[in-house]
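Undergrad: Got a structure for you, written out below as C-alpha cells; questions coming shortly.
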Amino acid sequence: MLYHNPNSRGRRNVLRIVGVLVVLAVIASVANFLRTTTSDAVSNVKPQIEMMQSIRQTAQDSITFAQSMDDPNQFATHIETVQRYIDDYDRLADAKQIKYLLSDNPQERIIGLLYRNQQRTIIDNMRVAAHNLDKQTKELLSAVDAAMSDDFSQHAAQWLLQVDNPTQVNELIDRYGKQRAYASMREMLADLRSLHKLRSDVKQQVSTAVSNLHNAEAAAAAIAVPERNGDLDPAGWYTLATNVASTMGVQIEQTMEFNCGGQSGENPNGFVAAYYCQMPDRSQRDIMHILTTHPDWTQTARSPWLVDMVKHELSHRSIMISCGTTQPAIAGNRTEAVTNSYSALYFGADRGRIATEQQGVAEYAMDAQSDQIAASIHDGNCG
C-alpha cells in the first residue's frame with residue numbers, strides 16, 4: 001500500500017506557496033486600505049485647501065493691482081498688512097505634513113498618515129489664516145475703491161467736458177452712481193479692475209482731446225485774416241470768423257440777450273460782446289455766442305476785431321478742455337488776461353488790436369506773466 005508522508009517536500013512547498021500568497025494578500029489588502037484612506041483624506045481636504053489657495057491668490061493679485069495705481073504709496077500700510085497675512089498663510093501651507101497629504105506620490109501620502117493629527121491642526125490654522133487674509137484683502141480693496149471714488153468725484157465733471165466723445169465718461173458716471181455689492185473679494189477685484197481700466201481709457205481720451213485741440217488751434221491760427229476794416233464786407237468778416245470757429249468744431253450763435261448759467265441781461269457791465277459758457281453738461285461745449293445788442297456790434301461786424309473776439313472765446317474753450325475749467329488755479333485772478341494771451345500765442349490773434357479795443361480794461365491787459373501762464377496751460381500745467 002502507498003504511504004502518505006505529511007512532511008514530504010512537495011507538501012512543504014505547497015504550504016510555503018500558500019503562506020506567501022496569504023502574506024501578499026494581506027499586504028495588498030493593507031496597501032489598498034491605505035490608498036483608500038489617504039485618497040479619502042485628500043478628497044475631503046483638497047476642496048478646502050483649493051478655496052483657501054484662491055483667497056491667497058486674490059490677496060496677491062489685489063496687492064499687484066494696488067501697486068499699479070497712480071499713487072500706490074497711499075495704500076502702503078494696507079499692502080504691508082496683506083503681505084504679512086500671506087506670509088502667515090504660506091508658512092502653514094508649506095508645512096511638510098500638508099505636502100505629504102497633497103502629494104501625488106502614494107508612498108508620501110501614506111507617510112502622511114503618521115501626521116494625521118498634526119495635519120488636522122495645521123488645516124484648522126490655515127482656515128483661520130485664510131479668513132484673516134480675506135478680511136485684510138477687503139480692507140485693501142476698499143481703500144483702493146475709496147481713492148478711485150474720490151478721484152472720480154473730483155474730476156468726472158471735468159472729464160465730461162474735456163473729452164471729444166462722452167460715451168465712456170457717461171458709463172463711468174453711471175457705474176459710480178449705482179450701489180455696488182460683491183459676493184467675494186475676487187468679484188470685487190474684477191470690478192475695480194474694470195473701473196480702473198475704464199477710468200484709464202477716459203484719461204487717455206482727455207489726453208487725445210488736448211492733442212487734437214492743439215492741432216486744430218494751429219490750423220485755425222493759419223487762416224489768413226486781413227488787417228483793414230474795408231478788406232471784407234460784414235458777410236465776409238462773419239464767414240471768416242465762422243471758418244475759424246468751425247476749424248475748432250465750434251458753432252457761433254448770435255443772440256440778443258446774454259444768458260449763461262442763469263445769468264442773463266442784455267449786456268452785463270456794458271462790455272460783453274461775445275461769450276463762451278462752461279455749463280455742467282455738454283450742451284454748450286462746442287458753442288460760442290456773439291451778442292448783437294452790444295453798442296459796438298455794427299462796427300465790430302465790419303472789422304478784423306470780430307475774428308480776434310471769436311479767438312478769445314475759443315481760447316476760453318481751449319483752456320477748459322486742457323484744464324477742465326475756464327478758470328484754472330494757475331490763472332488766479334487773471335483769467336481774462338491769460339485768455340487773451342492764449343489767443344495771441346496759439347490762435348494768432350492780433351495783440352495790437354486787442355490792446356486798442358480793450359484799452360483801459362485792466363483785467364484783460366496782457367503782459368509777460370499772462371503769456372507765461374497761458375504757455376503753461378498749453379503745456380498741461382493747470383496749477
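Chains: A, B, ... in order of the C-alpha cells. Residues: from 1 per chain. Ligands: from 1, in order shown.
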Could you pull out the alpha helix (DSSP H) residues of region 72-212 of chain A from DSSP and send them as a PyMOL selection string?

TA: chain A and resi 76-93+96-102+106-112+116-162+167-176+185-212

Undergrad: For the atom pair CA of Gln162 (chain A) and CA of Val210 (chain A), what is the interatomic distance in Å to one decimal place?

TA: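 According to the coordinates, CA of Gln162 (chain A) and CA of Val210 (chain A) are separated by 8.0 Å.
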
Undergrad: Which is closer to Ser62 (chain A) than all the others in A:Arg228, A:Lys46, A:Arg175, A:Arg186, using only C-alpha atoms?

TA: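 Once distances to Ser62 (chain A) are computed over only C-alpha atoms, the minimum belongs to A:Arg186.
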
Undergrad: Might you pull out every residue within 8 Å of Ser343 (chain A), with only C-alpha atoms counted and same-chain residues fewer than 6 positions away left off, and present them as a ChimeraX atom specification?

TA: /A:308,311-312,314-315,349

Undergrad: In Å, with one decimal, what is the gap from CA of Arg351 (chain A) to CA of Asp296 (chain A)?

TA: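 It comes out at 19.5 Å.
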
Undergrad: Within 12 Å of region 132-146 of chain A, which residues of region 171-239 of chain A come that close, and what is the closest atom pair and distance in Å for each? Count only C-alpha atoms and give it as CSV.

TA:
```
residue,atom,partner,partner_atom,distance
A:Tyr176,CA,A:Asp145,CA,10.4
A:Arg180,CA,A:Asp145,CA,10.8
A:Ala181,CA,A:Ser142,CA,11.5
A:Tyr182,CA,A:Lys138,CA,10.4
A:Ala183,CA,A:Lys138,CA,11.5
A:Ser184,CA,A:Asp134,CA,9.0
A:Met185,CA,A:Lys138,CA,6.4
A:Arg186,CA,A:Thr137,CA,9.7
A:Glu187,CA,A:Leu141,CA,11.0
A:Met188,CA,A:Leu141,CA,7.6
A:Leu189,CA,A:Leu141,CA,7.0
A:Ala190,CA,A:Leu141,CA,10.6
A:Asp191,CA,A:Asp145,CA,9.9
A:Leu192,CA,A:Asp145,CA,6.9
A:Arg193,CA,A:Asp145,CA,10.0
A:Ser194,CA,A:Asp145,CA,11.7
A:Leu195,CA,A:Asp145,CA,9.4
A:His196,CA,A:Asp145,CA,9.5
```

Undergrad: So which residues touch region 298-300 of chain A within 10 Å, counting only C-alpha atoms, skipping near sequence neighbours fewer than 3 positions away, as a ChimeraX atom specification?

TA: /A:229,234,237,273,292-295,303-307,309,357

Undergrad: Using the selection just defined, write its residues with C-alpha atoms as a compact mmCIF listing (two decimals), in the first residue's frame.

TA:
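Result file follows (again-v3.txt):
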```txt
# COMPACT_ATOMS: atom_id res chain seq x y z
CA ASN A 229 -11.82 147.01 -41.99
CA PRO A 234 -19.76 142.30 -42.93
CA TRP A 237 -15.92 139.02 -41.87
CA ALA A 273 -19.67 141.42 -26.92
CA THR A 292 -25.58 141.51 -31.41
CA THR A 293 -27.09 144.05 -28.99
CA HIS A 294 -23.64 145.25 -27.95
CA PRO A 295 -23.37 149.01 -28.67
CA SER A 303 -13.65 144.66 -38.86
CA PRO A 304 -10.97 142.04 -38.15
CA TRP A 305 -11.71 142.66 -34.46
CA LEU A 306 -14.63 140.24 -34.93
CA VAL A 307 -12.14 137.45 -35.63
CA MET A 309 -13.04 138.40 -30.45
CA GLU A 357 -10.07 147.63 -28.43
```

Undergrad: Mind checking which residues fall within 10 Å of Asn381 (chain A), counting only C-alpha atoms, ignoring those fewer than 6 positions away in the same chain, and posting them as a count of residues only?

TA: 8

Undergrad: Check the smallest atom-to-atom distance from each of A:Ser370, A:Asn215, A:Gln204, A:Thr64 to Tyr346 (chain A) using only C-alpha atoms, then report the winner.

TA: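 Answer, going by the shortest atom-to-atom distance: A:Asn215.
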
Undergrad: Taking 4 positions as the minimum chain separation for residues in the same chain, which residues sit within 10 Å of Ile223 (chain A) when counting only C-alpha atoms? Answer as a PyMOL selection string.

TA: chain A and resi 218-219+240-241+243-244+247+347-348

Undergrad: May I have the selected residues written with N, CA, C and O atoms, as a PDB file, in the first residue's frame?

TA:
```pdb
ATOM      1  N   ALA A 218      -3.597 125.193 -34.259  1.00  0.00           N
ATOM      2  CA  ALA A 218      -2.601 125.561 -35.266  1.00  0.00           C
ATOM      3  C   ALA A 218      -3.264 125.786 -36.623  1.00  0.00           C
ATOM      4  O   ALA A 218      -2.894 126.708 -37.368  1.00  0.00           O
ATOM      5  N   ALA A 219      -4.254 124.948 -36.954  1.00  0.00           N
ATOM      6  CA  ALA A 219      -4.965 125.113 -38.229  1.00  0.00           C
ATOM      7  C   ALA A 219      -5.768 126.409 -38.239  1.00  0.00           C
ATOM      8  O   ALA A 219      -5.813 127.119 -39.257  1.00  0.00           O
ATOM      9  N   LEU A 240     -15.502 134.545 -42.310  1.00  0.00           N
ATOM     10  CA  LEU A 240     -14.144 134.258 -41.853  1.00  0.00           C
ATOM     11  C   LEU A 240     -14.159 133.821 -40.384  1.00  0.00           C
ATOM     12  O   LEU A 240     -13.489 132.849 -39.999  1.00  0.00           O
ATOM     13  N   ALA A 241     -14.924 134.521 -39.575  1.00  0.00           N
ATOM     14  CA  ALA A 241     -15.000 134.181 -38.154  1.00  0.00           C
ATOM     15  C   ALA A 241     -15.585 132.787 -37.956  1.00  0.00           C
ATOM     16  O   ALA A 241     -15.093 131.998 -37.125  1.00  0.00           O
ATOM     17  N   ASN A 243     -15.448 130.352 -40.098  1.00  0.00           N
ATOM     18  CA  ASN A 243     -14.458 129.379 -40.576  1.00  0.00           C
ATOM     19  C   ASN A 243     -13.438 129.060 -39.484  1.00  0.00           C
ATOM     20  O   ASN A 243     -13.046 127.903 -39.294  1.00  0.00           O
ATOM     21  N   VAL A 244     -12.987 130.109 -38.798  1.00  0.00           N
ATOM     22  CA  VAL A 244     -12.041 129.898 -37.698  1.00  0.00           C
ATOM     23  C   VAL A 244     -12.686 129.032 -36.626  1.00  0.00           C
ATOM     24  O   VAL A 244     -12.077 128.080 -36.105  1.00  0.00           O
ATOM     25  N   THR A 247     -13.179 125.332 -37.651  1.00  0.00           N
ATOM     26  CA  THR A 247     -11.923 124.580 -37.613  1.00  0.00           C
ATOM     27  C   THR A 247     -11.735 123.933 -36.247  1.00  0.00           C
ATOM     28  O   THR A 247     -11.140 122.852 -36.125  1.00  0.00           O
ATOM     29  N   PHE A 347      -3.722 131.146 -31.302  1.00  0.00           N
ATOM     30  CA  PHE A 347      -4.699 131.362 -32.366  1.00  0.00           C
ATOM     31  C   PHE A 347      -4.283 132.486 -33.313  1.00  0.00           C
ATOM     32  O   PHE A 347      -4.991 132.767 -34.273  1.00  0.00           O
ATOM     33  N   GLY A 348      -3.153 133.127 -33.019  1.00  0.00           N
ATOM     34  CA  GLY A 348      -2.683 134.202 -33.897  1.00  0.00           C
ATOM     35  C   GLY A 348      -3.498 135.469 -33.807  1.00  0.00           C
ATOM     36  O   GLY A 348      -3.499 136.280 -34.747  1.00  0.00           O
TER      37      GLY A 348
END
```

Undergrad: Write out as a VMD selection string the residues lying within 12 Å of Ser211 (chain A), counting only C-alpha atoms and excluding same-chain residues fewer than 4 positions away.

TA: chain A and resid 162 to 164 204 to 207 215 to 218 318 321 to 322 378 to 380

Undergrad: Kindly export the residues of the current selection with all heavy atoms, as a compact mmCIF listing (two decimals), in the first residue's frame.

TA:
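Below you can see out38.txt, which holds the result:
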```
# COMPACT_ATOMS: atom_id res chain seq x y z
N GLN A 162 -14.15 117.66 -21.13
CA GLN A 162 -12.87 117.65 -21.84
C GLN A 162 -12.84 116.71 -23.04
O GLN A 162 -12.26 117.02 -24.06
CB GLN A 162 -11.75 117.26 -20.87
CG GLN A 162 -11.42 118.33 -19.83
CD GLN A 162 -10.37 117.86 -18.84
OE1 GLN A 162 -10.69 117.13 -17.91
NE2 GLN A 162 -9.13 118.28 -19.04
N VAL A 163 -13.45 115.52 -22.89
CA VAL A 163 -13.33 114.51 -23.94
C VAL A 163 -14.16 114.88 -25.16
O VAL A 163 -15.17 115.57 -25.06
CB VAL A 163 -13.74 113.12 -23.42
CG1 VAL A 163 -12.82 112.68 -22.30
CG2 VAL A 163 -15.20 113.10 -22.97
N ASP A 164 -13.72 114.39 -26.31
CA ASP A 164 -14.47 114.63 -27.54
C ASP A 164 -15.72 113.76 -27.62
O ASP A 164 -16.73 114.16 -28.19
CB ASP A 164 -13.57 114.37 -28.76
CG ASP A 164 -12.44 115.39 -28.85
OD1 ASP A 164 -12.66 116.55 -28.46
OD2 ASP A 164 -11.33 115.01 -29.29
N GLN A 204 -7.05 108.73 -21.08
CA GLN A 204 -6.37 108.73 -22.37
C GLN A 204 -7.16 109.54 -23.38
O GLN A 204 -6.59 110.25 -24.22
CB GLN A 204 -6.19 107.30 -22.87
CG GLN A 204 -5.48 107.19 -24.21
CD GLN A 204 -4.11 107.84 -24.20
OE1 GLN A 204 -3.28 107.55 -23.34
NE2 GLN A 204 -3.85 108.74 -25.15
N GLN A 205 -8.49 109.48 -23.30
CA GLN A 205 -9.32 110.28 -24.19
C GLN A 205 -9.13 111.77 -23.93
O GLN A 205 -9.16 112.58 -24.86
CB GLN A 205 -10.79 109.91 -24.00
CG GLN A 205 -11.16 108.57 -24.60
CD GLN A 205 -12.64 108.26 -24.44
OE1 GLN A 205 -13.41 109.09 -23.99
NE2 GLN A 205 -13.04 107.06 -24.81
N VAL A 206 -8.94 112.14 -22.66
CA VAL A 206 -8.66 113.55 -22.33
C VAL A 206 -7.35 113.98 -23.00
O VAL A 206 -7.28 115.04 -23.62
CB VAL A 206 -8.59 113.76 -20.81
CG1 VAL A 206 -8.08 115.16 -20.48
CG2 VAL A 206 -9.97 113.55 -20.17
N SER A 207 -6.32 113.13 -22.87
CA SER A 207 -5.03 113.45 -23.49
C SER A 207 -5.16 113.58 -25.01
O SER A 207 -4.58 114.48 -25.62
CB SER A 207 -3.99 112.37 -23.15
OG SER A 207 -3.75 112.32 -21.77
N ASN A 215 -3.71 120.68 -32.37
CA ASN A 215 -3.61 120.60 -33.84
C ASN A 215 -4.63 121.52 -34.50
O ASN A 215 -4.32 122.21 -35.49
CB ASN A 215 -3.83 119.16 -34.31
CG ASN A 215 -2.70 118.23 -33.91
OD1 ASN A 215 -1.57 118.66 -33.70
ND2 ASN A 215 -3.00 116.95 -33.78
N ALA A 216 -5.84 121.54 -33.95
CA ALA A 216 -6.89 122.40 -34.51
C ALA A 216 -6.55 123.88 -34.30
O ALA A 216 -6.83 124.72 -35.17
CB ALA A 216 -8.24 122.06 -33.87
N GLU A 217 -5.96 124.21 -33.16
CA GLU A 217 -5.55 125.60 -32.90
C GLU A 217 -4.56 126.07 -33.96
O GLU A 217 -4.67 127.20 -34.47
CB GLU A 217 -4.91 125.71 -31.52
CG GLU A 217 -5.89 125.58 -30.37
CD GLU A 217 -5.20 125.43 -29.02
OE1 GLU A 217 -3.95 125.27 -29.00
OE2 GLU A 217 -5.89 125.46 -27.99
N ALA A 218 -3.60 125.19 -34.26
CA ALA A 218 -2.60 125.56 -35.27
C ALA A 218 -3.26 125.79 -36.62
O ALA A 218 -2.89 126.71 -37.37
CB ALA A 218 -1.54 124.47 -35.36
N SER A 318 -10.51 126.31 -25.20
CA SER A 318 -9.27 125.53 -25.19
C SER A 318 -8.74 125.35 -23.77
O SER A 318 -8.28 124.26 -23.40
CB SER A 318 -8.20 126.23 -26.05
OG SER A 318 -8.49 126.11 -27.43
N ILE A 321 -10.87 122.73 -22.08
CA ILE A 321 -10.55 121.36 -22.49
C ILE A 321 -9.21 120.92 -21.91
O ILE A 321 -9.05 119.77 -21.50
CB ILE A 321 -10.56 121.25 -24.03
CG1 ILE A 321 -12.00 121.42 -24.54
CG2 ILE A 321 -10.00 119.91 -24.49
CD1 ILE A 321 -12.12 121.44 -26.05
N SER A 322 -8.26 121.82 -21.82
CA SER A 322 -6.95 121.48 -21.27
C SER A 322 -7.00 121.24 -19.77
O SER A 322 -6.33 120.34 -19.24
CB SER A 322 -5.94 122.59 -21.57
OG SER A 322 -5.71 122.71 -22.96
N HIS A 378 -1.06 125.55 -21.88
CA HIS A 378 -0.92 124.82 -23.15
C HIS A 378 -0.04 123.60 -22.98
O HIS A 378 -0.26 122.57 -23.65
CB HIS A 378 -0.33 125.76 -24.21
CG HIS A 378 -0.40 125.23 -25.58
ND1 HIS A 378 0.65 124.53 -26.16
CD2 HIS A 378 -1.37 125.29 -26.54
CE1 HIS A 378 0.31 124.19 -27.40
NE2 HIS A 378 -0.91 124.64 -27.65
N ASP A 379 0.92 123.65 -22.07
CA ASP A 379 1.83 122.54 -21.81
C ASP A 379 1.25 121.54 -20.81
O ASP A 379 1.91 120.55 -20.47
CB ASP A 379 3.18 123.05 -21.30
CG ASP A 379 3.97 123.79 -22.36
OD1 ASP A 379 3.66 123.61 -23.55
OD2 ASP A 379 4.87 124.57 -22.00
N GLY A 380 0.05 121.81 -20.31
CA GLY A 380 -0.59 120.85 -19.40
C GLY A 380 -0.52 121.15 -17.95
O GLY A 380 -0.93 120.35 -17.11
```

Undergrad: May I ask for the distance between CA of His78 (chain A) and CA of Thr58 (chain A), given in Å to one decimal place?

TA: 14.5 Å
